[in-house]
Each structure stands twice: as C-alpha cells, then as structure tokens.
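Colleague: My file is query.cif. It has mmCIF, C-alpha atoms:
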```
data_final
loop_
_atom_site.label_atom_id
_atom_site.label_comp_id
_atom_site.auth_asym_id
_atom_site.auth_seq_id
_atom_site.Cartn_x
_atom_site.Cartn_y
_atom_site.Cartn_z
CA MET A 7 50.17 -12.43 0.15
CA VAL A 8 47.55 -10.50 2.13
CA TRP A 9 48.04 -8.06 5.02
CA ARG A 10 45.24 -6.84 7.25
CA ARG A 11 45.50 -3.57 9.17
CA GLY A 12 42.21 -3.26 11.00
CA LYS A 13 39.57 -3.18 8.25
CA THR A 14 42.14 -2.37 5.57
CA ILE A 15 43.35 -5.04 3.18
CA ILE A 16 46.64 -4.92 1.29
CA GLU A 17 46.87 -7.75 -1.23
CA GLU A 18 49.71 -8.68 -3.57
CA VAL A 19 47.65 -9.50 -6.66
CA HIS A 20 50.61 -9.94 -9.01
CA ALA A 21 54.38 -9.71 -8.79
CA ASN A 22 55.13 -6.17 -7.65
CA LEU A 23 51.46 -5.14 -7.95
CA TYR A 24 49.48 -4.39 -4.80
CA LEU A 25 45.79 -3.67 -4.27
CA VAL A 26 45.07 -1.47 -1.25
CA GLU A 27 41.72 -0.51 0.23
CA SER A 28 42.33 2.64 2.28
CA GLY A 29 38.85 3.54 3.49
CA ILE A 30 36.95 6.78 2.96
CA GLY A 31 38.30 10.26 3.68
CA LYS A 32 41.58 12.13 3.77
CA THR A 33 42.91 10.72 7.05
CA ASN A 34 42.35 7.10 6.04
CA ALA A 35 43.91 7.76 2.65
CA ALA A 36 46.93 9.57 4.10
CA ALA A 37 47.58 6.92 6.75
CA MET A 38 47.50 4.10 4.25
CA SER A 39 49.60 6.04 1.74
CA ALA A 40 52.31 6.63 4.34
CA TRP A 41 52.38 2.91 5.17
CA LEU A 42 52.44 1.99 1.49
CA CYS A 43 55.24 4.42 0.62
CA GLU A 44 57.32 3.38 3.62
CA LYS A 45 56.88 -0.39 3.43
CA ILE A 46 56.21 -1.16 -0.24
CA LYS A 47 57.97 1.81 -1.90
CA PRO A 48 55.95 1.63 -5.16
CA ASP A 49 57.11 3.22 -8.39
CA LEU A 50 53.60 4.58 -8.99
CA ILE A 51 50.37 4.89 -7.02
CA ILE A 52 47.13 4.70 -8.99
CA ASN A 53 44.31 6.05 -6.86
CA THR A 54 40.87 4.94 -7.99
CA GLY A 55 37.28 5.11 -6.81
CA THR A 56 34.30 7.33 -7.49
CA THR A 57 33.80 11.06 -7.86
CA GLY A 58 31.01 13.62 -7.97
CA ALA A 59 30.94 15.64 -11.19
CA PHE A 60 30.51 19.41 -11.07
CA GLN A 61 29.36 19.49 -14.70
CA SER A 62 25.92 18.08 -15.46
CA ASP A 63 26.87 17.12 -19.03
CA ILE A 64 29.42 14.56 -17.83
CA PRO A 65 27.72 11.14 -18.09
CA LEU A 66 27.27 9.04 -14.98
CA GLY A 67 29.65 6.11 -15.08
CA SER A 68 32.20 7.91 -17.25
CA VAL A 69 35.82 8.21 -16.13
CA ILE A 70 37.82 11.30 -15.14
CA TYR A 71 41.56 11.51 -14.57
CA SER A 72 43.01 14.61 -12.94
CA PRO A 73 46.07 16.60 -14.11
CA THR A 74 46.83 17.79 -10.58
CA PHE A 75 45.86 17.35 -6.94
CA LEU A 76 44.65 20.03 -4.53
CA TYR A 77 42.28 20.52 -1.63
CA SER A 78 39.01 22.44 -1.81
CA ASP A 79 38.58 22.66 1.97
CA VAL A 80 41.93 24.20 2.94
CA ASP A 81 42.18 27.98 3.33
CA ALA A 82 45.28 29.68 4.73
CA THR A 83 45.03 32.68 2.43
CA GLY A 84 45.27 35.00 5.43
CA PHE A 85 48.92 33.99 5.64
CA GLY A 86 49.60 34.49 1.94
CA TYR A 87 48.98 30.93 0.78
CA LYS A 88 46.84 30.04 -2.21
CA VAL A 89 43.36 28.61 -1.82
CA GLY A 90 43.70 24.87 -1.29
CA GLN A 91 47.33 25.06 -0.19
CA VAL A 92 48.37 23.47 3.09
CA PRO A 93 50.84 25.81 4.83
CA GLN A 94 54.48 25.03 4.04
CA MET A 95 53.42 22.58 1.33
CA PRO A 96 53.13 23.01 -2.45
CA ALA A 97 50.06 24.82 -3.76
CA GLN A 98 49.18 21.67 -5.69
CA TYR A 99 50.69 18.38 -6.82
CA PRO A 100 50.74 18.16 -10.63
CA VAL A 101 50.84 14.85 -12.47
CA ASP A 102 53.78 14.35 -14.83
CA GLU A 103 52.75 15.46 -18.32
CA ALA A 104 54.19 12.35 -19.99
CA LEU A 105 52.20 10.12 -17.61
CA LEU A 106 49.04 12.07 -18.39
CA GLN A 107 49.61 11.75 -22.13
CA LYS A 108 50.21 8.01 -21.90
CA THR A 109 47.04 7.64 -19.84
CA ALA A 110 44.98 9.62 -22.34
CA THR A 111 46.33 7.65 -25.30
CA ILE A 112 45.77 4.22 -23.75
CA LEU A 113 42.23 4.98 -22.57
CA LYS A 114 41.32 6.46 -25.95
CA GLN A 115 42.66 3.41 -27.79
CA ALA A 116 40.58 1.21 -25.48
CA GLU A 117 37.51 3.31 -26.36
CA ILE A 118 36.86 4.14 -22.71
CA ASP A 119 34.69 7.21 -22.06
CA ALA A 120 37.37 9.12 -20.14
CA ARG A 121 38.37 12.75 -19.92
CA GLU A 122 40.99 14.85 -18.18
CA GLY A 123 39.73 17.38 -15.65
CA LEU A 124 40.45 18.97 -12.29
CA ILE A 125 39.35 16.81 -9.36
CA VAL A 126 39.64 18.51 -5.97
CA THR A 127 39.59 16.83 -2.56
CA SER A 128 37.39 17.54 0.46
CA ASP A 129 36.16 15.60 3.46
CA SER A 130 32.62 16.59 2.49
CA PHE A 131 30.18 14.84 0.17
CA MET A 132 29.00 17.45 -2.33
CA SER A 133 25.27 17.80 -1.64
CA ASP A 134 25.13 21.21 0.08
CA LEU A 135 24.31 23.87 -2.51
CA SER A 136 26.03 26.69 -0.62
CA ALA A 137 29.27 24.72 -0.26
CA ILE A 138 29.13 23.73 -3.93
CA ALA A 139 28.71 27.37 -5.00
CA THR A 140 31.70 28.41 -2.89
CA ILE A 141 33.90 25.71 -4.40
CA ARG A 142 32.82 26.68 -7.92
CA GLN A 143 33.83 30.27 -7.21
CA LYS A 144 37.22 29.31 -5.77
CA PHE A 145 38.02 26.75 -8.49
CA PRO A 146 36.47 27.87 -11.80
CA THR A 147 37.97 24.95 -13.74
CA ILE A 148 36.74 22.26 -11.36
CA VAL A 149 35.31 19.14 -12.97
CA ALA A 150 34.76 16.86 -9.99
CA SER A 151 35.41 16.23 -6.30
CA ASP A 152 36.57 13.25 -4.25
CA MET A 153 37.51 12.62 -0.62
CA GLU A 154 41.01 11.09 -0.82
CA SER A 155 43.25 11.93 -3.76
CA ALA A 156 45.02 15.13 -2.64
CA ALA A 157 45.88 13.53 0.71
CA ILE A 158 47.47 10.61 -1.13
CA ALA A 159 49.42 12.98 -3.37
CA GLN A 160 50.63 15.02 -0.41
CA VAL A 161 52.04 11.96 1.33
CA ALA A 162 53.53 10.59 -1.88
CA HIS A 163 55.22 13.97 -2.43
CA PHE A 164 57.44 13.33 0.60
CA TYR A 165 58.61 10.07 -0.98
CA GLN A 166 58.83 11.47 -4.53
CA ILE A 167 56.42 8.81 -5.78
CA PRO A 168 54.09 9.79 -8.66
CA VAL A 169 50.32 9.46 -8.26
CA LEU A 170 47.63 9.05 -10.90
CA ASN A 171 43.93 9.59 -10.08
CA ILE A 172 41.34 7.57 -12.06
CA ARG A 173 37.73 8.08 -10.94
CA GLY A 174 34.32 6.91 -12.09
CA VAL A 175 31.48 9.46 -11.96
CA SER A 176 28.91 8.26 -9.42
CA ASP A 177 26.79 11.41 -9.19
CA HIS A 178 26.37 15.05 -10.12
CA VAL A 179 26.91 17.35 -7.15
CA GLY A 180 23.79 18.76 -5.53
CA GLN A 181 20.86 17.79 -3.35
CA GLU A 182 20.12 14.62 -5.34
CA ALA A 183 23.76 13.45 -5.20
CA PRO A 184 23.36 10.96 -2.31
CA GLU A 185 20.47 9.15 -4.00
CA THR A 186 22.25 9.12 -7.36
CA PHE A 187 25.44 7.91 -5.71
CA GLU A 188 23.69 4.87 -4.26
CA ALA A 189 22.18 4.00 -7.64
CA THR A 190 25.34 4.53 -9.70
CA LEU A 191 28.10 3.47 -7.31
CA GLU A 192 28.64 0.00 -8.75
CA LEU A 193 28.72 1.23 -12.36
CA ALA A 194 31.15 4.04 -11.56
CA ALA A 195 33.45 1.83 -9.51
CA ASN A 196 33.48 -0.92 -12.13
CA ASN A 197 34.30 1.53 -14.93
CA ALA A 198 37.10 3.10 -12.91
CA PHE A 199 38.51 -0.34 -12.14
CA ALA A 200 38.28 -1.36 -15.80
CA SER A 201 40.23 1.76 -16.78
CA VAL A 202 42.96 1.01 -14.29
CA LYS A 203 43.18 -2.57 -15.55
CA VAL A 204 43.53 -1.32 -19.14
CA LEU A 205 46.39 0.93 -18.07
CA LEU A 206 48.16 -1.85 -16.15
CA ASP A 207 47.80 -4.28 -19.04
CA ALA A 208 49.21 -1.70 -21.45
CA TRP A 209 52.17 -0.93 -19.20
CA GLY A 210 52.91 -4.61 -18.72
#
```
When written as structure tokens, how does the structure in this file appear?
Modeller:
Amino acid sequence: MVWRRGKTIIEEVHANLYLVESGIGKTNAAAMSAWLCEKIKPDLIINTGTTGAFQSDIPLGSVIYSPTFLYSDVDATGFGYKVGQVPQMPAQYPVDEALLQKTATILKQAEIDAREGLIVTSDSFMSDLSAIATIRQKFPTIVASDMESAAIAQVAHFYQIPVLNIRGVSDHVGQEAPETFEATLELAANNAFASVKVLLDAWG
C-alpha cells in the first residue's frame, strides 16, 4: 500500500511497518510526523538519514544514535527557558534508556561502527564557522547536527510515541562540509539504513 502526499511517499513495506520520506527540514518533518502519529499511530518512530559530525575523529559513514532530542536554533532564554527549549515545551526529549541500551547492544553485535552521542537539530547546514562556534559553546557535549529529528520528537511527544534517531555521518561541520556531503551522502545513508534494518530484524 502506497500513499502520496505531494512529493512525500508513505509505503507499507511489511505488516505494520511503514517507510516515510518526510523531506528536508523541521517543518517538513513535523508535518509528516503529525500525519503519521494521527493516522498510523505507530508504536515507535525510527528517524534516519544523515548528519554532520562536530568531532573530526568520527569517521565518515559511521553511525550515530542520539540519547535525546533538542534544538540548537531555539533561544527563549530571556524568558527563563533553557537554550534549545521551545517555550511551554520540555527542554529536551530524552530517549528511553532501555531502548538506547537495546540499540547499542544490537548494533554492537552486528559489528556496526555506531556510537551514542548528542545530535541537535537546526534548519541550517553546518558550514558557517561562526554559527558552528556558537553551537559548540552552547552545547559542549554536541556530537552532530541534523535538520529534522527534534521536530519529529516534539510532535511525537504530544502522542506519547517514542522516537529513535539513527544517522549516518555524511560530513564534518565546516567550510568543506557541502563538498564532503555530496561525496559521502550515499555511503552515510546506506549505513544508516543498514543499521535500521539490523534493529528491525532483531526486534522481529
């Protein structure tokens, strides 16, 4: 069964397993997540794609899964909120510890080069050095950045549906990131997809 919403495809690839292409950016991700949570009501959302690593020693093509979700481009601190916190919403959206542990164990057993680390979300591709420096200062433990995951987690929070973020490293943030991204995109996406498939196979 396949649905088409504009350029977005929602395909039932197996009984009770759906593959959704949301598009790039927070708004696309949030819109599709709301539709998915309302119409499909999944038990778990696995968000996958690519990410830009903030640490140069993380190999291109390796996989990162995040223990929590938060924004790097939200700032309402003047009203007493934490950096990255949308007003009247949680400061962040942590992943269940048991789910994280299962993920780590399965990926390790499959000998996949994967690590846990903080992935933040912004509508900006991380090539501007000034912006990168600001984010590093605000989030000292940051490992990588993407453009969708926190928006998905925020929507899923309303429906009390857990979210897991599995990302392949397509580039290292900085001025050379766009060129590296183009060269590594396929490798990073394929490795992220392979990791998700390993998890789904293990969970039956």
Colleague: Using only C-alpha atoms, pick whichever of A:Thr127, A:Gln107, A:Ser72, A:Met95 has the shortest atom-to-atom distance to Ile52 (chain A).
Modeller: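 Closest candidate: A:Ser72.
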Colleague: Convert the output of the PyMOL selection byres ((chain A and resi 41-47) around 12) on the shown file into explicit residues, formatted as JSON, numbers by chain.
Modeller: {"A": [9, 11, 14, 15, 16, 17, 18, 22, 23, 24, 25, 26, 27, 28, 34, 35, 36, 37, 38, 39, 40, 48, 49, 50, 51, 158, 159, 160, 161, 162, 163, 164, 165, 166, 167, 168, 169]}
Colleague: Tell me which residues the PyMOL selection byres ((chain A and resi 206) around 12) grabs here, as a PyMOL selection string.
Modeller: chain A and resi 20+22-24+50-52+108-109+112-113+199-205+207-210
Colleague: Which residues are near Gly123 (chain A)? Cut-off 7 Å, only C-alpha atoms, ignore same chain within fewer than 4 positions. Put them as a PyMOL selection string.
Modeller: chain A and resi 70-73+149
Colleague: Can you pull out the residues contacting Met153 (chain A)? Cut-off 7 Å, using all atoms listed in the file, and skip same-chain residues under 3 positions away; I want them as a list in words.
Modeller: Ile30, Gly31, Lys32, Thr127, Ser128 and Asp129 of chain A
Colleague: What residues come out when you apply the PyMOL selection byres ((chain A and resi 62) around 12) to this file, written as an MDAnalysis selection string?
Modeller: chainID A and resid 58:61 63:66 149:150 175:180 183
Colleague: For those residues, write C-alpha atoms to a file as a short mmCIF file (atom, residue, chain, number, x, y, z; two decimals), in the frame of the given file.
Modeller:
```cif
data_model
loop_
_atom_site.label_atom_id
_atom_site.label_comp_id
_atom_site.auth_asym_id
_atom_site.auth_seq_id
_atom_site.Cartn_x
_atom_site.Cartn_y
_atom_site.Cartn_z
CA GLY A 58 31.01 13.62 -7.97
CA ALA A 59 30.94 15.64 -11.19
CA PHE A 60 30.51 19.41 -11.07
CA GLN A 61 29.36 19.49 -14.70
CA ASP A 63 26.87 17.12 -19.03
CA ILE A 64 29.42 14.56 -17.83
CA PRO A 65 27.72 11.14 -18.09
CA LEU A 66 27.27 9.04 -14.98
CA VAL A 149 35.31 19.14 -12.97
CA ALA A 150 34.76 16.86 -9.99
CA VAL A 175 31.48 9.46 -11.96
CA SER A 176 28.91 8.26 -9.42
CA ASP A 177 26.79 11.41 -9.19
CA HIS A 178 26.37 15.05 -10.12
CA VAL A 179 26.91 17.35 -7.15
CA GLY A 180 23.79 18.76 -5.53
CA ALA A 183 23.76 13.45 -5.20
#
```
Colleague: Could you name the residues that touch region 96-98 of chain A at 7 Å or less, counting all atoms listed in the file, but leaving out those on the same chain fewer than 3 positions away, as a list in words?
Modeller: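 The residues satisfying every condition are Thr74, Phe75, Leu76, Lys88, Gly90 and Gln91 of chain A.
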Colleague: What does the distance from CA of Ala120 (chain A) to CA of Ala189 (chain A) come to in Å, to one decimal?
Modeller: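 If I compute the distance from CA of Ala120 (chain A) to CA of Ala189 (chain A), I get 20.3 Å.
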Colleague: Let me have the centre and edge lengths in Å, one decimal, of the box along x, y and z around every listed atom of region 151-161 of chain A with 5 Å of margin on each side, as JSON.
Modeller:
```
{"center_x": 43.7, "center_y": 13.4, "center_z": -2.5, "size_x": 26.6, "size_y": 15.6, "size_z": 17.6}
```
Colleague: Have a look at CA of Val69 (chain A) and CA of Asn53 (chain A) and let me know their distance in Å, one decimal.
Modeller: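 According to the coordinates, CA of Val69 (chain A) and CA of Asn53 (chain A) are separated by 12.8 Å.
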Colleague: For each of A:Leu170, A:Ala137, A:Val89, A:Ala82, take the minimum atom-to-atom distance to Glu122 (chain A), counting all atoms listed in the file, then give the residue where this is smallest.
Modeller: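 Of A:Leu170, A:Ala137, A:Val89, A:Ala82, the one nearest Glu122 (chain A) is A:Leu170, counting all atoms listed in the file.
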Colleague: To one decimal place, how far is CA of Thr56 (chain A) from CA of Ala104 (chain A) in Å?
Modeller: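 So the answer is 24.0 Å.
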